[in-house]
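Everything on this sheet refers to the single structure shown next.
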Amino acid sequence: MVAPTVPLPAMVVLLVAVSAMALVSGASMRGRHGQGQQQGQLRMGFYSSSCPAAEKIIGDYVRLHVRRAPTVAPALLRLHYHDCFVSGCDGSILLNSTGTGGQQAEKDAAPNLTLRGFDLIDRVKTAVEEACPGVVSCADVLALAARDAVAAIGGPSWRVPTGRRDGTVSSVQDALRELPNPAMSFTELAALFAGKGLGVRDLVWLSGAHTIGVAHCSSFADRLYGYPGAGNGTDPSLDATYAANLRQHKCRTPISNSLVEMNPGSFLTFDLGYYRAVLKHRGLLGSDAALVTDAAARADIASVVASPPEVFFQVFGRSMAKLGAVQVKTGSQGEIRKSCAVVNSSYQN
Ligand code: HEM
């Protein structure tokens with residue numbers, strides 16, 4: 001029993017700190033970082049002398065657009081994640097394919113065809129280029145924009161050390177090989193995350209991103225129609241009432257391509273609704289359902305759901321900081337692209 005003399009805010013702070021410590025302990029942390037400190041070769045305020053206005057230009061632009069169209073927030077968050085998972089956070093997701101006989105780029109791989117927000121990143125980059133030409137990488141623009149967009153809808157914020165350089169290679173095959181797909185088991189997902197230096201807890205907390213945004217029916221139709229071995233065709237790990245509702249009202253045929261909120265009722269609010277749904281077997285994607293097939297992951301999720309939302313924000317932010325440092329290019333690697341969609345050697349003004 002907590003002594004009644006402890007003021008409520010102090011209790012919450014204590015609970016948040018204790019819970020977050022318990023939840024992140026054991027996770028494979030690559031080191032802590034803060035203002036002025038380094039994470040790998042990235043550093044907070046990397047552009048403070050070369051382009052002091054960069055972070056403000058990006059933040060202001062993103063906040064303005066998220067206010068007008070809040071669905072920008074999930075779009076940018078997913079774009080950043082898909083960038084980091086394929087050849088590291090190097091802006092390679094933003095590159096266009098190079099035409100007949102050329103390289104098919106990541107963005108043309110099937111799992112990336114539903115990504116959104118490329119045009120917005122191009123516009124933010126143009127605004128930054130006007131202030132400081134050739135200084136700020138597209139990879140950093142994307143990492144900062146994703147963070148600011150999530151914060152702008154009232155979600156968590158996290159430290160984004162900068163200094164990422166842009167890659168010059170973007171390959172459809174790399175994307176197909178490295179991106180998780182929604183039908184994977186917990187073990188398969190954990191293995192892909194491990195390949196990026198991310199632990200199982202990072203998998204659990206980063207999947208919490210699905211508390212915002214939408215999915216096309218095609219991303220989970222296999223759970224509703226013709227599921228192997230299920231008499232009624234429905235994945236038995238999906239709540240039967242929810243599945244029936246999806247079939248009747250959202251994805252009426254196996255080839256329907258409507259959009260469904262991943263966290264029904266609050267898909268633009270960064271809250272605990274996603275994890276609550278997952279615990280009730282109402283996770284929309286197979287990969288969401290996979291989280292509760294692992295006892296430790298299920299216990300972690302139950303613990304976060306029972307804690308104040310700040311705990312989720314904290315563990316999510318920590319994992320995002322790790323995600324943002326995956327296989328980054330720094331120093332003299334890569335380049336600072338002039339335009340995010342093309343490498344400098346093909347750039348025409
Ligand atoms: C664990 C493996 C993951 C799988 C298999 C997966 C798969 C998917 C799929 C299939 C969609 C729906 C796409 C569509 O139909 O339009 C989606 C949406 C989304 N994902 Fe994931 N995802 C994973 C992890 C993550 C992570 C780590 C993040 C970010 C940190 C993330 C952020 C999002 C967001 C924000 C959306 C909504 C996008 C929108 O509204 O346009 N996902 N994901």
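Chain identifiers are assigned as A, B, and so on, following the order in which chains appear in the structure tokens; residues are numbered from 1 within each chain, and ligands are numbered from 1 in order of appearance.
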
Would you return as an MDAnalysis selection string the members of segment 118-341 of chain A that DSSP assigns to helix (DSSP H, G or I) on this structure's backbone? chainID A and resid 118:131 138:152 172:178 186:194 200:211 217:219 221:223 240:250 273:279 286:291 295:305 309:323

May I have the selected residues written with C-alpha atoms, as a compact mmCIF listing (two decimals), in the first residue's frame?
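Output contents, as saved in part_29.txt:
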```txt
# COMPACT_ATOMS: atom_id res chain seq x y z
CA PHE A 118 7.27 9.95 -50.04
CA ASP A 119 6.03 13.26 -51.43
CA LEU A 120 5.99 14.85 -48.00
CA ILE A 121 9.59 13.82 -47.31
CA ASP A 122 10.60 15.24 -50.71
CA ARG A 123 8.98 18.53 -49.80
CA VAL A 124 10.62 18.67 -46.36
CA LYS A 125 13.97 17.92 -47.97
CA THR A 126 13.44 20.75 -50.48
CA ALA A 127 12.75 23.15 -47.61
CA VAL A 128 15.93 22.02 -45.83
CA GLU A 129 17.97 22.26 -49.05
CA GLU A 130 16.84 25.87 -49.48
CA ALA A 131 18.33 26.70 -46.07
CA CYS A 138 17.47 12.25 -46.52
CA ALA A 139 17.92 9.48 -43.95
CA ASP A 140 18.09 12.09 -41.17
CA VAL A 141 15.16 14.04 -42.60
CA LEU A 142 13.09 10.85 -42.48
CA ALA A 143 14.22 9.84 -38.97
CA LEU A 144 13.43 13.30 -37.57
CA ALA A 145 10.17 13.64 -39.49
CA ALA A 146 8.91 10.26 -38.20
CA ARG A 147 9.68 11.23 -34.62
CA ASP A 148 8.06 14.68 -34.96
CA ALA A 149 4.97 13.28 -36.69
CA VAL A 150 4.32 10.77 -33.91
CA ALA A 151 4.84 13.44 -31.25
CA ALA A 152 2.48 15.74 -33.15
CA VAL A 172 13.89 -4.77 -54.57
CA GLN A 173 15.47 -8.13 -53.69
CA ASP A 174 16.99 -6.75 -50.48
CA ALA A 175 13.56 -5.47 -49.44
CA LEU A 176 11.90 -8.82 -50.11
CA ARG A 177 14.57 -10.62 -48.12
CA GLU A 178 14.85 -8.29 -45.13
CA PHE A 186 7.14 -15.13 -33.45
CA THR A 187 10.38 -17.09 -33.92
CA GLU A 188 10.75 -15.93 -37.52
CA LEU A 189 10.04 -12.31 -36.61
CA ALA A 190 12.47 -12.46 -33.68
CA ALA A 191 15.17 -13.86 -35.98
CA LEU A 192 14.74 -11.01 -38.48
CA PHE A 193 14.87 -8.45 -35.68
CA ALA A 194 17.94 -10.13 -34.19
CA VAL A 200 12.57 -9.68 -28.76
CA ARG A 201 11.43 -6.83 -26.55
CA ASP A 202 12.17 -4.40 -29.37
CA LEU A 203 9.95 -6.58 -31.55
CA VAL A 204 7.19 -6.38 -28.96
CA TRP A 205 7.44 -2.63 -28.33
CA LEU A 206 8.00 -1.59 -31.93
CA SER A 207 4.98 -3.60 -33.00
CA GLY A 208 3.12 -1.17 -30.74
CA ALA A 209 3.39 1.22 -33.70
CA HIS A 210 0.32 -0.62 -34.97
CA THR A 211 -1.68 1.34 -32.43
CA CYS A 217 -7.57 -6.21 -46.33
CA SER A 218 -5.01 -7.89 -48.56
CA SER A 219 -2.51 -7.74 -45.69
CA ALA A 221 -7.18 -11.68 -45.88
CA ASP A 222 -5.43 -15.03 -45.48
CA ARG A 223 -6.62 -15.01 -41.85
CA ALA A 240 -14.32 -15.31 -33.92
CA THR A 241 -16.64 -12.31 -33.40
CA TYR A 242 -14.03 -9.88 -34.67
CA ALA A 243 -13.29 -12.12 -37.66
CA ALA A 244 -16.99 -12.31 -38.55
CA ASN A 245 -17.28 -8.55 -38.27
CA LEU A 246 -14.29 -8.05 -40.56
CA ARG A 247 -15.74 -10.46 -43.14
CA GLN A 248 -19.21 -8.89 -43.06
CA HIS A 249 -18.35 -5.22 -42.89
CA LYS A 250 -14.76 -4.55 -43.90
CA GLY A 273 -5.64 -0.01 -27.46
CA TYR A 274 -3.44 -2.07 -29.78
CA TYR A 275 -1.96 -4.17 -26.98
CA ARG A 276 -5.38 -4.60 -25.34
CA ALA A 277 -6.70 -5.87 -28.66
CA VAL A 278 -3.75 -8.21 -29.13
CA LEU A 279 -4.34 -9.75 -25.68
CA GLY A 286 -0.77 -12.43 -38.21
CA SER A 287 2.41 -10.81 -36.84
CA ASP A 288 0.32 -9.00 -34.18
CA ALA A 289 -1.27 -12.29 -33.16
CA ALA A 290 2.17 -13.92 -33.11
CA LEU A 291 3.27 -11.70 -30.23
CA ALA A 295 4.76 -16.44 -23.01
CA ALA A 296 7.37 -13.82 -22.08
CA ALA A 297 6.13 -11.39 -24.71
CA ARG A 298 2.55 -11.92 -23.57
CA ALA A 299 3.56 -11.19 -19.97
CA ASP A 300 5.42 -8.01 -21.04
CA ILE A 301 2.38 -6.81 -22.97
CA ALA A 302 0.06 -7.54 -20.03
CA SER A 303 2.40 -5.59 -17.78
CA VAL A 304 2.44 -2.55 -20.07
CA VAL A 305 -1.33 -2.65 -20.45
CA PRO A 309 0.57 4.87 -20.87
CA GLU A 310 3.87 6.66 -20.10
CA VAL A 311 5.48 3.25 -19.68
CA PHE A 312 4.53 2.27 -23.23
CA PHE A 313 5.81 5.62 -24.48
CA GLN A 314 9.11 5.10 -22.73
CA VAL A 315 9.80 1.56 -23.94
CA PHE A 316 8.60 2.41 -27.44
CA GLY A 317 10.87 5.46 -27.57
CA ARG A 318 13.89 3.46 -26.45
CA SER A 319 13.30 0.84 -29.11
CA MET A 320 12.75 3.52 -31.75
CA ALA A 321 16.12 5.05 -30.87
CA LYS A 322 17.71 1.64 -31.42
CA LEU A 323 15.82 1.13 -34.68
```

As a tab-separated table (two decimals) with N, CA and C atoms, in the first residue's frame, which residues of segment 10-201 of chain A does DSSP assign to strand (DSSP E)?
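Done, and the output landed in out.tsv:
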```tsv
chain	number	residue	atom	x	y	z
A	38	GLN	N	27.04	10.47	-28.00
A	38	GLN	CA	27.03	9.73	-29.25
A	38	GLN	C	26.29	8.42	-29.11
A	39	GLN	N	25.68	7.98	-30.17
A	39	GLN	CA	25.18	6.61	-30.23
A	39	GLN	C	25.81	6.04	-31.49
A	42	LEU	N	26.56	8.31	-34.59
A	42	LEU	CA	25.57	9.39	-34.68
A	42	LEU	C	25.74	10.27	-33.45
A	43	ARG	N	25.26	11.51	-33.57
A	43	ARG	CA	25.42	12.38	-32.41
A	43	ARG	C	24.25	13.36	-32.36
```

Skipping near chain neighbours, those fewer than 3 positions away, what residues fall within 9 Å of Ala105 of chain A using only C-alpha atoms, listed as number ranges by chain? A: 92-98, 108-109, 169-173, 175

Gap from atom 31 (C, counted along the ligand's line) of ligand 1 to atom CA of Tyr81 of chain A - Å, one decimal: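 Going from atom 31 (C, counted along the ligand's line) of ligand 1 over to atom CA of Tyr81 of chain A, I get 6.3 Å.
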
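Among the candidates A:Pro52, A:Pro182, A:Gly195, A:Gly155, the one nearest to ligand 1 when counting only C-alpha atoms and all ligand atoms is A:Pro182.
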
Residues at most 12 Å from Ser48 of chain A, counting only C-alpha atoms, excluding those fewer than 2 positions away in the same chain, as JSON, numbers by chain? {"A": [35, 36, 43, 44, 45, 46, 50, 51, 52, 53, 54, 55, 56, 132, 135, 136, 161, 162, 163]}

Saved selection, atoms kept: N, CA and C atoms, as a compact mmCIF listing (two decimals), in the first residue's frame:
```txt
# COMPACT_ATOMS: atom_id res chain seq x y z
N GLN A 35 21.59 14.15 -24.92
CA GLN A 35 21.99 15.38 -25.60
C GLN A 35 23.52 15.49 -25.60
N GLY A 36 24.10 15.72 -26.76
CA GLY A 36 25.54 15.90 -26.83
C GLY A 36 26.32 14.60 -26.78
N ARG A 43 25.26 11.51 -33.57
CA ARG A 43 25.42 12.38 -32.41
C ARG A 43 24.25 13.36 -32.36
N MET A 44 23.81 13.68 -31.14
CA MET A 44 22.72 14.65 -30.99
C MET A 44 23.21 15.99 -31.53
N GLY A 45 22.34 16.68 -32.27
CA GLY A 45 22.69 18.01 -32.78
C GLY A 45 23.83 18.01 -33.78
N PHE A 46 23.93 16.97 -34.60
CA PHE A 46 25.01 16.87 -35.60
C PHE A 46 25.05 18.10 -36.51
N SER A 50 26.49 23.19 -38.88
CA SER A 50 26.42 23.17 -40.35
C SER A 50 25.04 23.57 -40.89
N CYS A 51 24.01 23.35 -40.12
CA CYS A 51 22.66 23.74 -40.55
C CYS A 51 21.78 23.88 -39.31
N PRO A 52 22.01 24.94 -38.53
CA PRO A 52 21.34 25.05 -37.23
C PRO A 52 19.81 25.02 -37.31
N ALA A 53 19.25 25.45 -38.44
CA ALA A 53 17.78 25.52 -38.53
C ALA A 53 17.15 24.20 -38.95
N ALA A 54 17.99 23.20 -39.31
CA ALA A 54 17.44 21.99 -39.95
C ALA A 54 16.32 21.33 -39.14
N GLU A 55 16.58 21.07 -37.87
CA GLU A 55 15.59 20.31 -37.09
C GLU A 55 14.30 21.11 -36.92
N LYS A 56 14.43 22.44 -36.84
CA LYS A 56 13.22 23.26 -36.68
C LYS A 56 12.42 23.29 -37.99
N CYS A 132 20.11 25.08 -46.38
CA CYS A 132 21.51 24.62 -46.35
C CYS A 132 21.69 23.54 -47.41
N VAL A 135 23.69 19.51 -47.19
CA VAL A 135 24.22 19.27 -45.83
C VAL A 135 23.47 18.16 -45.09
N VAL A 136 22.14 18.17 -45.19
CA VAL A 136 21.33 17.27 -44.34
C VAL A 136 20.88 16.06 -45.17
N PRO A 161 19.65 11.07 -32.53
CA PRO A 161 20.97 11.56 -32.89
C PRO A 161 21.09 11.53 -34.41
N THR A 162 21.85 12.45 -34.98
CA THR A 162 21.90 12.59 -36.44
C THR A 162 23.33 12.39 -36.96
N GLY A 163 23.43 12.47 -38.28
CA GLY A 163 24.73 12.23 -38.93
C GLY A 163 24.67 11.02 -39.86
```

Just to confirm, what's the straight-line distance from atom CA of Asn263 of chain A to atom CA of Phe220 of chain A in Å (one decimal)?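 Rounded to one decimal, the two atoms are 14.2 Å apart.
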
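Checking A:Ile212, A:Ala69, A:Val62, A:Val86 one by one against ligand 1, counting only C-alpha atoms and all ligand atoms, you find the shortest gap at A:Ile212.
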